[in-house]
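Okay, entry.cif is below, mmCIF, all heavy atoms:
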data_target
loop_
_atom_site.label_atom_id
_atom_site.label_comp_id
_atom_site.auth_asym_id
_atom_site.auth_seq_id
_atom_site.Cartn_x
_atom_site.Cartn_y
_atom_site.Cartn_z
N MET O 98 84.62 110.40 101.53
CA MET O 98 84.66 111.38 100.45
C MET O 98 85.55 110.85 99.32
O MET O 98 86.67 110.43 99.55
CB MET O 98 85.22 112.69 100.98
CG MET O 98 85.35 113.75 99.92
SD MET O 98 85.87 115.31 100.61
CE MET O 98 87.56 115.32 100.06
N VAL O 99 85.03 110.86 98.12
CA VAL O 99 85.80 110.41 96.96
C VAL O 99 86.43 111.64 96.31
O VAL O 99 85.75 112.61 96.02
CB VAL O 99 84.90 109.68 95.95
CG1 VAL O 99 85.68 109.31 94.72
CG2 VAL O 99 84.29 108.46 96.58
N ARG O 100 87.71 111.54 96.10
CA ARG O 100 88.40 112.64 95.45
C ARG O 100 88.19 112.56 93.95
O ARG O 100 87.73 111.57 93.41
CB ARG O 100 89.88 112.61 95.80
CG ARG O 100 90.09 112.88 97.26
CD ARG O 100 91.55 112.97 97.56
NE ARG O 100 91.71 113.24 98.98
CZ ARG O 100 92.80 112.98 99.65
NH1 ARG O 100 93.82 112.41 99.05
NH2 ARG O 100 92.88 113.26 100.91
N ARG O 101 88.58 113.58 93.28
CA ARG O 101 88.30 113.77 91.86
C ARG O 101 88.74 112.62 90.95
O ARG O 101 88.01 112.23 90.05
CB ARG O 101 88.98 115.06 91.43
CG ARG O 101 88.63 115.53 90.09
CD ARG O 101 89.25 116.88 89.91
NE ARG O 101 89.01 117.39 88.59
CZ ARG O 101 89.48 118.53 88.16
NH1 ARG O 101 90.18 119.28 88.96
NH2 ARG O 101 89.24 118.93 86.95
N HIS O 102 89.93 112.09 91.15
CA HIS O 102 90.46 111.08 90.24
C HIS O 102 90.53 109.69 90.87
O HIS O 102 91.28 108.85 90.42
CB HIS O 102 91.86 111.48 89.77
CG HIS O 102 91.89 112.78 89.04
ND1 HIS O 102 91.39 112.94 87.77
CD2 HIS O 102 92.34 113.99 89.41
CE1 HIS O 102 91.55 114.18 87.39
NE2 HIS O 102 92.11 114.84 88.37
N GLU O 103 89.76 109.44 91.91
CA GLU O 103 89.83 108.16 92.60
C GLU O 103 88.60 107.31 92.32
O GLU O 103 87.54 107.81 91.96
CB GLU O 103 89.96 108.38 94.11
CG GLU O 103 91.28 109.00 94.49
CD GLU O 103 91.43 109.16 95.99
OE1 GLU O 103 90.48 108.88 96.74
OE2 GLU O 103 92.51 109.58 96.40
N LEU O 104 88.77 106.00 92.51
CA LEU O 104 87.66 105.07 92.34
C LEU O 104 86.65 105.25 93.46
O LEU O 104 87.02 105.48 94.61
CB LEU O 104 88.18 103.63 92.40
CG LEU O 104 89.09 103.17 91.29
CD1 LEU O 104 89.69 101.82 91.64
CD2 LEU O 104 88.35 103.09 89.98
N THR O 105 85.39 105.12 93.12
CA THR O 105 84.36 105.11 94.16
C THR O 105 84.38 103.73 94.82
O THR O 105 84.97 102.78 94.28
CB THR O 105 82.96 105.37 93.55
OG1 THR O 105 82.64 104.29 92.67
CG2 THR O 105 82.90 106.69 92.83
N ASP O 106 83.71 103.59 95.94
CA ASP O 106 83.63 102.29 96.61
C ASP O 106 82.97 101.25 95.70
O ASP O 106 83.38 100.10 95.66
CB ASP O 106 82.87 102.40 97.93
CG ASP O 106 83.66 103.16 98.98
OD1 ASP O 106 84.90 103.23 98.88
OD2 ASP O 106 83.03 103.68 99.91
N GLU O 107 81.96 101.66 94.98
CA GLU O 107 81.26 100.74 94.07
C GLU O 107 82.19 100.27 92.95
O GLU O 107 82.24 99.08 92.64
CB GLU O 107 80.04 101.43 93.48
CG GLU O 107 79.24 100.55 92.56
CD GLU O 107 78.03 101.27 91.98
OE1 GLU O 107 77.52 102.22 92.60
OE2 GLU O 107 77.61 100.88 90.88
N GLN O 108 82.95 101.19 92.36
CA GLN O 108 83.90 100.82 91.30
C GLN O 108 84.97 99.89 91.84
O GLN O 108 85.35 98.92 91.19
CB GLN O 108 84.55 102.07 90.70
CG GLN O 108 83.60 102.93 89.91
CD GLN O 108 84.21 104.27 89.56
OE1 GLN O 108 84.95 104.85 90.35
NE2 GLN O 108 83.89 104.75 88.37
N TRP O 109 85.45 100.18 93.05
CA TRP O 109 86.49 99.34 93.65
C TRP O 109 85.99 97.92 93.90
O TRP O 109 86.67 96.95 93.64
CB TRP O 109 87.00 99.96 94.94
CG TRP O 109 87.99 99.09 95.64
CD1 TRP O 109 87.81 98.47 96.84
CD2 TRP O 109 89.27 98.68 95.17
NE1 TRP O 109 88.91 97.72 97.14
CE2 TRP O 109 89.83 97.83 96.13
CE3 TRP O 109 90.00 98.96 94.02
CZ2 TRP O 109 91.08 97.26 95.98
CZ3 TRP O 109 91.25 98.39 93.88
CH2 TRP O 109 91.79 97.54 94.85
N ARG O 110 84.77 97.79 94.40
CA ARG O 110 84.19 96.46 94.65
C ARG O 110 84.12 95.63 93.36
O ARG O 110 84.30 94.42 93.39
CB ARG O 110 82.81 96.58 95.27
CG ARG O 110 82.83 96.82 96.77
CD ARG O 110 81.45 96.64 97.38
NE ARG O 110 80.47 97.58 96.84
CZ ARG O 110 80.26 98.81 97.31
NH1 ARG O 110 80.95 99.25 98.33
NH2 ARG O 110 79.35 99.59 96.77
N GLU O 111 83.87 96.29 92.24
CA GLU O 111 83.77 95.57 90.97
C GLU O 111 85.11 95.01 90.50
O GLU O 111 85.16 93.93 89.92
CB GLU O 111 83.18 96.47 89.89
CG GLU O 111 81.71 96.73 90.09
CD GLU O 111 81.09 97.44 88.91
OE1 GLU O 111 81.53 97.22 87.76
OE2 GLU O 111 80.15 98.22 89.13
N ILE O 112 86.20 95.73 90.73
CA ILE O 112 87.50 95.26 90.21
C ILE O 112 88.36 94.56 91.25
O ILE O 112 89.29 93.85 90.90
CB ILE O 112 88.31 96.41 89.57
CG1 ILE O 112 88.73 97.43 90.62
CG2 ILE O 112 87.55 97.05 88.45
CD1 ILE O 112 89.77 98.39 90.11
N GLU O 113 88.04 94.72 92.52
CA GLU O 113 88.87 94.14 93.59
C GLU O 113 89.02 92.62 93.45
O GLU O 113 90.11 92.08 93.62
CB GLU O 113 88.26 94.48 94.95
CG GLU O 113 89.10 94.04 96.12
CD GLU O 113 88.50 94.46 97.44
OE1 GLU O 113 87.28 94.72 97.51
OE2 GLU O 113 89.27 94.52 98.41
N SER O 114 87.96 91.94 93.09
CA SER O 114 88.02 90.49 92.97
C SER O 114 88.85 90.02 91.77
O SER O 114 89.22 88.86 91.68
CB SER O 114 86.61 89.90 92.89
OG SER O 114 85.97 90.36 91.71
N LEU O 115 89.14 90.91 90.83
CA LEU O 115 89.92 90.56 89.65
C LEU O 115 91.42 90.56 89.92
O LEU O 115 92.20 90.04 89.12
CB LEU O 115 89.61 91.53 88.50
CG LEU O 115 88.15 91.59 88.07
CD1 LEU O 115 87.95 92.70 87.04
CD2 LEU O 115 87.68 90.26 87.53
N LEU O 116 91.84 91.16 91.03
CA LEU O 116 93.25 91.26 91.37
C LEU O 116 93.73 90.00 92.08
O LEU O 116 92.97 89.40 92.84
CB LEU O 116 93.49 92.48 92.27
CG LEU O 116 93.10 93.82 91.67
CD1 LEU O 116 93.18 94.90 92.72
CD2 LEU O 116 93.98 94.16 90.48
N PRO O 117 94.98 89.61 91.83
CA PRO O 117 95.50 88.43 92.53
C PRO O 117 95.66 88.74 94.03
O PRO O 117 95.86 89.89 94.41
CB PRO O 117 96.85 88.18 91.87
CG PRO O 117 97.25 89.49 91.30
CD PRO O 117 95.97 90.20 90.94
N PRO O 118 95.61 87.73 94.89
CA PRO O 118 95.80 87.97 96.32
C PRO O 118 97.20 88.47 96.61
O PRO O 118 98.17 88.08 95.96
CB PRO O 118 95.55 86.60 96.96
CG PRO O 118 95.58 85.61 95.86
CD PRO O 118 95.36 86.33 94.58
N SER O 119 97.31 89.34 97.57
CA SER O 119 98.60 89.92 97.95
C SER O 119 99.39 88.95 98.82
O SER O 119 98.83 88.24 99.65
CB SER O 119 98.38 91.22 98.73
OG SER O 119 99.61 91.79 99.08
N GLY O 120 100.69 88.90 98.62
CA GLY O 120 101.56 88.11 99.47
C GLY O 120 101.62 86.64 99.14
O GLY O 120 102.16 85.87 99.91
N VAL O 121 101.08 86.22 98.00
CA VAL O 121 101.12 84.81 97.63
C VAL O 121 102.56 84.37 97.39
O VAL O 121 103.00 83.34 97.86
CB VAL O 121 100.25 84.55 96.38
CG1 VAL O 121 100.44 83.14 95.87
CG2 VAL O 121 98.80 84.81 96.70
N ALA O 122 103.31 85.17 96.67
CA ALA O 122 104.73 84.89 96.42
C ALA O 122 105.51 86.19 96.60
O ALA O 122 105.15 87.22 96.03
CB ALA O 122 104.92 84.35 95.01
N GLY O 123 106.52 86.15 97.41
CA GLY O 123 107.34 87.35 97.62
C GLY O 123 106.74 88.28 98.65
O GLY O 123 105.92 87.89 99.49
N ARG O 124 107.19 89.54 98.57
CA ARG O 124 106.74 90.54 99.53
C ARG O 124 105.28 90.92 99.32
O ARG O 124 104.81 90.96 98.19
CB ARG O 124 107.59 91.81 99.37
CG ARG O 124 108.98 91.62 99.86
CD ARG O 124 109.89 92.78 99.63
NE ARG O 124 109.28 94.09 99.54
CZ ARG O 124 109.95 95.18 99.23
NH1 ARG O 124 111.24 95.10 98.97
NH2 ARG O 124 109.37 96.34 99.17
N PRO O 125 104.59 91.25 100.39
CA PRO O 125 103.22 91.75 100.24
C PRO O 125 103.23 93.09 99.50
O PRO O 125 104.15 93.89 99.66
CB PRO O 125 102.72 91.94 101.67
CG PRO O 125 103.70 91.24 102.54
CD PRO O 125 104.97 91.12 101.78
N ARG O 126 102.22 93.30 98.68
CA ARG O 126 102.13 94.55 97.92
C ARG O 126 101.62 95.68 98.80
O ARG O 126 101.03 95.45 99.85
CB ARG O 126 101.17 94.37 96.75
CG ARG O 126 101.64 93.36 95.74
CD ARG O 126 100.77 93.39 94.50
NE ARG O 126 99.34 93.27 94.77
CZ ARG O 126 98.66 92.14 94.66
NH1 ARG O 126 99.27 91.04 94.31
NH2 ARG O 126 97.38 92.11 94.90
N VAL O 127 101.85 96.91 98.32
CA VAL O 127 101.23 98.05 98.97
C VAL O 127 99.75 98.03 98.63
O VAL O 127 99.29 97.19 97.85
CB VAL O 127 101.87 99.39 98.52
CG1 VAL O 127 103.32 99.45 98.95
CG2 VAL O 127 101.75 99.58 97.03
N ASP O 128 99.00 98.94 99.17
CA ASP O 128 97.55 98.99 98.96
C ASP O 128 97.22 99.07 97.47
O ASP O 128 97.57 100.03 96.80
CB ASP O 128 96.99 100.20 99.71
CG ASP O 128 95.50 100.32 99.58
OD1 ASP O 128 94.82 99.28 99.49
OD2 ASP O 128 95.00 101.46 99.59
N ASP O 129 96.54 98.05 96.96
CA ASP O 129 96.20 97.99 95.53
C ASP O 129 95.35 99.18 95.10
O ASP O 129 95.54 99.74 94.03
CB ASP O 129 95.44 96.70 95.22
CG ASP O 129 96.32 95.46 95.28
OD1 ASP O 129 97.53 95.57 95.01
OD2 ASP O 129 95.79 94.39 95.60
N ARG O 130 94.41 99.56 95.93
CA ARG O 130 93.52 100.67 95.56
C ARG O 130 94.31 101.96 95.39
O ARG O 130 94.05 102.73 94.46
CB ARG O 130 92.44 100.83 96.62
CG ARG O 130 91.37 101.82 96.22
CD ARG O 130 90.23 101.80 97.20
NE ARG O 130 89.17 102.69 96.77
CZ ARG O 130 87.97 102.72 97.31
NH1 ARG O 130 87.67 101.89 98.28
NH2 ARG O 130 87.06 103.55 96.88
N ARG O 131 95.27 102.18 96.24
CA ARG O 131 96.10 103.39 96.15
C ARG O 131 96.90 103.41 94.85
O ARG O 131 97.01 104.44 94.18
CB ARG O 131 97.03 103.44 97.35
CG ARG O 131 97.88 104.66 97.41
CD ARG O 131 98.69 104.69 98.68
NE ARG O 131 99.64 105.76 98.62
CZ ARG O 131 100.71 105.83 99.35
NH1 ARG O 131 100.95 104.90 100.25
NH2 ARG O 131 101.54 106.83 99.24
N VAL O 132 97.46 102.26 94.48
CA VAL O 132 98.25 102.17 93.25
C VAL O 132 97.36 102.39 92.02
O VAL O 132 97.72 103.13 91.10
CB VAL O 132 98.98 100.81 93.16
CG1 VAL O 132 99.65 100.62 91.82
CG2 VAL O 132 100.00 100.69 94.28
N ILE O 133 96.19 101.77 92.01
CA ILE O 133 95.29 101.94 90.86
C ILE O 133 94.80 103.39 90.78
O ILE O 133 94.74 103.96 89.69
CB ILE O 133 94.12 100.94 90.95
CG1 ILE O 133 94.66 99.53 90.73
CG2 ILE O 133 93.03 101.28 89.94
CD1 ILE O 133 93.66 98.43 90.94
N ASN O 134 94.51 104.00 91.91
CA ASN O 134 94.13 105.41 91.90
C ASN O 134 95.26 106.27 91.34
O ASN O 134 95.02 107.22 90.60
CB ASN O 134 93.74 105.89 93.30
CG ASN O 134 92.34 105.48 93.68
OD1 ASN O 134 91.48 105.27 92.83
ND2 ASN O 134 92.12 105.33 94.97
N GLY O 135 96.51 105.93 91.66
CA GLY O 135 97.65 106.66 91.12
C GLY O 135 97.75 106.51 89.61
O GLY O 135 98.04 107.48 88.89
N MET O 136 97.51 105.31 89.11
CA MET O 136 97.53 105.08 87.66
C MET O 136 96.43 105.87 86.96
O MET O 136 96.64 106.45 85.89
CB MET O 136 97.39 103.60 87.35
CG MET O 136 98.61 102.80 87.68
SD MET O 136 98.41 101.12 87.09
CE MET O 136 98.49 100.23 88.61
N LEU O 137 95.25 105.89 87.56
CA LEU O 137 94.15 106.64 86.98
C LEU O 137 94.46 108.14 86.97
O LEU O 137 94.17 108.83 86.00
CB LEU O 137 92.86 106.39 87.76
CG LEU O 137 92.27 104.99 87.63
CD1 LEU O 137 91.11 104.81 88.59
CD2 LEU O 137 91.85 104.71 86.20
N TYR O 138 95.04 108.62 88.05
CA TYR O 138 95.40 110.04 88.13
C TYR O 138 96.39 110.39 87.03
O TYR O 138 96.23 111.39 86.33
CB TYR O 138 96.01 110.34 89.51
CG TYR O 138 96.43 111.78 89.66
CD1 TYR O 138 95.49 112.76 89.94
CD2 TYR O 138 97.75 112.16 89.51
CE1 TYR O 138 95.87 114.09 90.08
CE2 TYR O 138 98.14 113.48 89.64
CZ TYR O 138 97.19 114.44 89.93
OH TYR O 138 97.56 115.75 90.05
N LYS O 139 97.41 109.55 86.84
CA LYS O 139 98.40 109.81 85.80
C LYS O 139 97.77 109.79 84.42
O LYS O 139 98.04 110.64 83.59
CB LYS O 139 99.53 108.78 85.85
CG LYS O 139 100.46 108.99 84.67
CD LYS O 139 101.73 108.33 84.78
CE LYS O 139 102.63 108.45 83.60
NZ LYS O 139 102.41 109.46 82.63
N ALA O 140 96.91 108.81 84.18
CA ALA O 140 96.26 108.70 82.87
C ALA O 140 95.35 109.89 82.58
O ALA O 140 95.30 110.38 81.46
CB ALA O 140 95.46 107.41 82.79
N LYS O 141 94.66 110.37 83.60
CA LYS O 141 93.71 111.47 83.40
C LYS O 141 94.40 112.83 83.31
O LYS O 141 93.91 113.71 82.60
CB LYS O 141 92.68 111.49 84.53
CG LYS O 141 91.73 110.33 84.46
CD LYS O 141 90.75 110.36 85.62
CE LYS O 141 89.80 109.19 85.58
NZ LYS O 141 88.87 109.19 86.70
N THR O 142 95.50 113.02 84.04
CA THR O 142 96.14 114.33 84.07
C THR O 142 97.37 114.43 83.18
O THR O 142 97.73 115.54 82.78
CB THR O 142 96.56 114.70 85.51
OG1 THR O 142 97.55 113.77 85.95
CG2 THR O 142 95.38 114.72 86.45
N GLY O 143 98.03 113.32 82.90
CA GLY O 143 99.20 113.34 82.06
C GLY O 143 100.49 113.75 82.78
O GLY O 143 101.51 113.99 82.15
N VAL O 144 100.47 113.80 84.11
CA VAL O 144 101.67 114.17 84.86
C VAL O 144 102.68 113.03 84.81
O VAL O 144 102.33 111.89 84.56
CB VAL O 144 101.36 114.51 86.34
CG1 VAL O 144 100.42 115.68 86.44
CG2 VAL O 144 100.81 113.32 87.08
N ALA O 145 103.93 113.36 85.08
CA ALA O 145 104.97 112.33 85.14
C ALA O 145 104.70 111.45 86.35
O ALA O 145 104.18 111.90 87.37
CB ALA O 145 106.33 112.98 85.26
N TRP O 146 105.06 110.15 86.28
CA TRP O 146 104.77 109.21 87.36
C TRP O 146 105.40 109.66 88.67
O TRP O 146 104.82 109.50 89.73
CB TRP O 146 105.27 107.82 86.96
CG TRP O 146 104.97 106.79 88.01
CD1 TRP O 146 105.86 106.20 88.85
CD2 TRP O 146 103.69 106.25 88.35
NE1 TRP O 146 105.22 105.31 89.67
CE2 TRP O 146 103.89 105.32 89.39
CE3 TRP O 146 102.39 106.44 87.88
CZ2 TRP O 146 102.84 104.61 89.96
CZ3 TRP O 146 101.36 105.73 88.46
CH2 TRP O 146 101.59 104.83 89.48
N ARG O 147 106.60 110.24 88.62
CA ARG O 147 107.29 110.64 89.85
C ARG O 147 106.54 111.74 90.61
O ARG O 147 106.75 111.95 91.77
CB ARG O 147 108.71 111.08 89.55
CG ARG O 147 108.78 112.35 88.74
CD ARG O 147 110.22 112.72 88.39
NE ARG O 147 110.24 113.87 87.52
CZ ARG O 147 110.07 113.84 86.20
NH1 ARG O 147 109.90 112.69 85.60
NH2 ARG O 147 110.09 114.94 85.49
N ASP O 148 105.68 112.49 89.92
CA ASP O 148 104.93 113.55 90.57
C ASP O 148 103.77 112.97 91.33
O ASP O 148 103.18 113.56 92.13
CB ASP O 148 104.41 114.55 89.55
CG ASP O 148 105.56 115.31 88.89
OD1 ASP O 148 106.65 115.34 89.46
OD2 ASP O 148 105.33 115.87 87.80
#

Conversion result in structure tokens:
Amino acid sequence: MVRRHELTDEQWREIESLLPPSGVAGRPRVDDRRVINGMLYKAKTGVAWRD
């Protein structure tokens, strides 16, 4: 189930290859899809990042 402000699987497949690999230098990143969904949510709703 895709939530209101999240990427669909098809959208994610299109941009996933554009992201650098995780853990190449330094600590491994958190889930990229979750972070991008958070950015989209903030951009669409205008809430503060901490929310």

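Relative to atom N of O:Leu116, atom CA of O:Arg100 is found at 22.2 Å.
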
Picked residues, the PyMOL selection byres (((chain O and resi 104 and name CA) around 12) and name CA), expected as a short mmCIF file (atom, residue, chain, number, x, y, z; two decimals) with all heavy atoms, keeping the file's coordinate frame:
data_model
loop_
_atom_site.label_atom_id
_atom_site.label_comp_id
_atom_site.auth_asym_id
_atom_site.auth_seq_id
_atom_site.Cartn_x
_atom_site.Cartn_y
_atom_site.Cartn_z
N MET O 98 84.62 110.40 101.53
CA MET O 98 84.66 111.38 100.45
C MET O 98 85.55 110.85 99.32
O MET O 98 86.67 110.43 99.55
CB MET O 98 85.22 112.69 100.98
CG MET O 98 85.35 113.75 99.92
SD MET O 98 85.87 115.31 100.61
CE MET O 98 87.56 115.32 100.06
N VAL O 99 85.03 110.86 98.12
CA VAL O 99 85.80 110.41 96.96
C VAL O 99 86.43 111.64 96.31
O VAL O 99 85.75 112.61 96.02
CB VAL O 99 84.90 109.68 95.95
CG1 VAL O 99 85.68 109.31 94.72
CG2 VAL O 99 84.29 108.46 96.58
N ARG O 100 87.71 111.54 96.10
CA ARG O 100 88.40 112.64 95.45
C ARG O 100 88.19 112.56 93.95
O ARG O 100 87.73 111.57 93.41
CB ARG O 100 89.88 112.61 95.80
CG ARG O 100 90.09 112.88 97.26
CD ARG O 100 91.55 112.97 97.56
NE ARG O 100 91.71 113.24 98.98
CZ ARG O 100 92.80 112.98 99.65
NH1 ARG O 100 93.82 112.41 99.05
NH2 ARG O 100 92.88 113.26 100.91
N ARG O 101 88.58 113.58 93.28
CA ARG O 101 88.30 113.77 91.86
C ARG O 101 88.74 112.62 90.95
O ARG O 101 88.01 112.23 90.05
CB ARG O 101 88.98 115.06 91.43
CG ARG O 101 88.63 115.53 90.09
CD ARG O 101 89.25 116.88 89.91
NE ARG O 101 89.01 117.39 88.59
CZ ARG O 101 89.48 118.53 88.16
NH1 ARG O 101 90.18 119.28 88.96
NH2 ARG O 101 89.24 118.93 86.95
N HIS O 102 89.93 112.09 91.15
CA HIS O 102 90.46 111.08 90.24
C HIS O 102 90.53 109.69 90.87
O HIS O 102 91.28 108.85 90.42
CB HIS O 102 91.86 111.48 89.77
CG HIS O 102 91.89 112.78 89.04
ND1 HIS O 102 91.39 112.94 87.77
CD2 HIS O 102 92.34 113.99 89.41
CE1 HIS O 102 91.55 114.18 87.39
NE2 HIS O 102 92.11 114.84 88.37
N GLU O 103 89.76 109.44 91.91
CA GLU O 103 89.83 108.16 92.60
C GLU O 103 88.60 107.31 92.32
O GLU O 103 87.54 107.81 91.96
CB GLU O 103 89.96 108.38 94.11
CG GLU O 103 91.28 109.00 94.49
CD GLU O 103 91.43 109.16 95.99
OE1 GLU O 103 90.48 108.88 96.74
OE2 GLU O 103 92.51 109.58 96.40
N THR O 105 85.39 105.12 93.12
CA THR O 105 84.36 105.11 94.16
C THR O 105 84.38 103.73 94.82
O THR O 105 84.97 102.78 94.28
CB THR O 105 82.96 105.37 93.55
OG1 THR O 105 82.64 104.29 92.67
CG2 THR O 105 82.90 106.69 92.83
N ASP O 106 83.71 103.59 95.94
CA ASP O 106 83.63 102.29 96.61
C ASP O 106 82.97 101.25 95.70
O ASP O 106 83.38 100.10 95.66
CB ASP O 106 82.87 102.40 97.93
CG ASP O 106 83.66 103.16 98.98
OD1 ASP O 106 84.90 103.23 98.88
OD2 ASP O 106 83.03 103.68 99.91
N GLU O 107 81.96 101.66 94.98
CA GLU O 107 81.26 100.74 94.07
C GLU O 107 82.19 100.27 92.95
O GLU O 107 82.24 99.08 92.64
CB GLU O 107 80.04 101.43 93.48
CG GLU O 107 79.24 100.55 92.56
CD GLU O 107 78.03 101.27 91.98
OE1 GLU O 107 77.52 102.22 92.60
OE2 GLU O 107 77.61 100.88 90.88
N GLN O 108 82.95 101.19 92.36
CA GLN O 108 83.90 100.82 91.30
C GLN O 108 84.97 99.89 91.84
O GLN O 108 85.35 98.92 91.19
CB GLN O 108 84.55 102.07 90.70
CG GLN O 108 83.60 102.93 89.91
CD GLN O 108 84.21 104.27 89.56
OE1 GLN O 108 84.95 104.85 90.35
NE2 GLN O 108 83.89 104.75 88.37
N TRP O 109 85.45 100.18 93.05
CA TRP O 109 86.49 99.34 93.65
C TRP O 109 85.99 97.92 93.90
O TRP O 109 86.67 96.95 93.64
CB TRP O 109 87.00 99.96 94.94
CG TRP O 109 87.99 99.09 95.64
CD1 TRP O 109 87.81 98.47 96.84
CD2 TRP O 109 89.27 98.68 95.17
NE1 TRP O 109 88.91 97.72 97.14
CE2 TRP O 109 89.83 97.83 96.13
CE3 TRP O 109 90.00 98.96 94.02
CZ2 TRP O 109 91.08 97.26 95.98
CZ3 TRP O 109 91.25 98.39 93.88
CH2 TRP O 109 91.79 97.54 94.85
N ARG O 110 84.77 97.79 94.40
CA ARG O 110 84.19 96.46 94.65
C ARG O 110 84.12 95.63 93.36
O ARG O 110 84.30 94.42 93.39
CB ARG O 110 82.81 96.58 95.27
CG ARG O 110 82.83 96.82 96.77
CD ARG O 110 81.45 96.64 97.38
NE ARG O 110 80.47 97.58 96.84
CZ ARG O 110 80.26 98.81 97.31
NH1 ARG O 110 80.95 99.25 98.33
NH2 ARG O 110 79.35 99.59 96.77
N GLU O 111 83.87 96.29 92.24
CA GLU O 111 83.77 95.57 90.97
C GLU O 111 85.11 95.01 90.50
O GLU O 111 85.16 93.93 89.92
CB GLU O 111 83.18 96.47 89.89
CG GLU O 111 81.71 96.73 90.09
CD GLU O 111 81.09 97.44 88.91
OE1 GLU O 111 81.53 97.22 87.76
OE2 GLU O 111 80.15 98.22 89.13
N ILE O 112 86.20 95.73 90.73
CA ILE O 112 87.50 95.26 90.21
C ILE O 112 88.36 94.56 91.25
O ILE O 112 89.29 93.85 90.90
CB ILE O 112 88.31 96.41 89.57
CG1 ILE O 112 88.73 97.43 90.62
CG2 ILE O 112 87.55 97.05 88.45
CD1 ILE O 112 89.77 98.39 90.11
N GLU O 113 88.04 94.72 92.52
CA GLU O 113 88.87 94.14 93.59
C GLU O 113 89.02 92.62 93.45
O GLU O 113 90.11 92.08 93.62
CB GLU O 113 88.26 94.48 94.95
CG GLU O 113 89.10 94.04 96.12
CD GLU O 113 88.50 94.46 97.44
OE1 GLU O 113 87.28 94.72 97.51
OE2 GLU O 113 89.27 94.52 98.41
N ASP O 129 96.54 98.05 96.96
CA ASP O 129 96.20 97.99 95.53
C ASP O 129 95.35 99.18 95.10
O ASP O 129 95.54 99.74 94.03
CB ASP O 129 95.44 96.70 95.22
CG ASP O 129 96.32 95.46 95.28
OD1 ASP O 129 97.53 95.57 95.01
OD2 ASP O 129 95.79 94.39 95.60
N ARG O 130 94.41 99.56 95.93
CA ARG O 130 93.52 100.67 95.56
C ARG O 130 94.31 101.96 95.39
O ARG O 130 94.05 102.73 94.46
CB ARG O 130 92.44 100.83 96.62
CG ARG O 130 91.37 101.82 96.22
CD ARG O 130 90.23 101.80 97.20
NE ARG O 130 89.17 102.69 96.77
CZ ARG O 130 87.97 102.72 97.31
NH1 ARG O 130 87.67 101.89 98.28
NH2 ARG O 130 87.06 103.55 96.88
N ARG O 131 95.27 102.18 96.24
CA ARG O 131 96.10 103.39 96.15
C ARG O 131 96.90 103.41 94.85
O ARG O 131 97.01 104.44 94.18
CB ARG O 131 97.03 103.44 97.35
CG ARG O 131 97.88 104.66 97.41
CD ARG O 131 98.69 104.69 98.68
NE ARG O 131 99.64 105.76 98.62
CZ ARG O 131 100.71 105.83 99.35
NH1 ARG O 131 100.95 104.90 100.25
NH2 ARG O 131 101.54 106.83 99.24
N VAL O 132 97.46 102.26 94.48
CA VAL O 132 98.25 102.17 93.25
C VAL O 132 97.36 102.39 92.02
O VAL O 132 97.72 103.13 91.10
CB VAL O 132 98.98 100.81 93.16
CG1 VAL O 132 99.65 100.62 91.82
CG2 VAL O 132 100.00 100.69 94.28
N ILE O 133 96.19 101.77 92.01
CA ILE O 133 95.29 101.94 90.86
C ILE O 133 94.80 103.39 90.78
O ILE O 133 94.74 103.96 89.69
CB ILE O 133 94.12 100.94 90.95
CG1 ILE O 133 94.66 99.53 90.73
CG2 ILE O 133 93.03 101.28 89.94
CD1 ILE O 133 93.66 98.43 90.94
N ASN O 134 94.51 104.00 91.91
CA ASN O 134 94.13 105.41 91.90
C ASN O 134 95.26 106.27 91.34
O ASN O 134 95.02 107.22 90.60
CB ASN O 134 93.74 105.89 93.30
CG ASN O 134 92.34 105.48 93.68
OD1 ASN O 134 91.48 105.27 92.83
ND2 ASN O 134 92.12 105.33 94.97
N GLY O 135 96.51 105.93 91.66
CA GLY O 135 97.65 106.66 91.12
C GLY O 135 97.75 106.51 89.61
O GLY O 135 98.04 107.48 88.89
N MET O 136 97.51 105.31 89.11
CA MET O 136 97.53 105.08 87.66
C MET O 136 96.43 105.87 86.96
O MET O 136 96.64 106.45 85.89
CB MET O 136 97.39 103.60 87.35
CG MET O 136 98.61 102.80 87.68
SD MET O 136 98.41 101.12 87.09
CE MET O 136 98.49 100.23 88.61
N LEU O 137 95.25 105.89 87.56
CA LEU O 137 94.15 106.64 86.98
C LEU O 137 94.46 108.14 86.97
O LEU O 137 94.17 108.83 86.00
CB LEU O 137 92.86 106.39 87.76
CG LEU O 137 92.27 104.99 87.63
CD1 LEU O 137 91.11 104.81 88.59
CD2 LEU O 137 91.85 104.71 86.20
N TYR O 138 95.04 108.62 88.05
CA TYR O 138 95.40 110.04 88.13
C TYR O 138 96.39 110.39 87.03
O TYR O 138 96.23 111.39 86.33
CB TYR O 138 96.01 110.34 89.51
CG TYR O 138 96.43 111.78 89.66
CD1 TYR O 138 95.49 112.76 89.94
CD2 TYR O 138 97.75 112.16 89.51
CE1 TYR O 138 95.87 114.09 90.08
CE2 TYR O 138 98.14 113.48 89.64
CZ TYR O 138 97.19 114.44 89.93
OH TYR O 138 97.56 115.75 90.05
#

Let's see if you can do this: from backbone DSSP, list all helix (DSSP H, G or I) residues in chain O, as number ranges by chain.
O: 106-113, 129-142
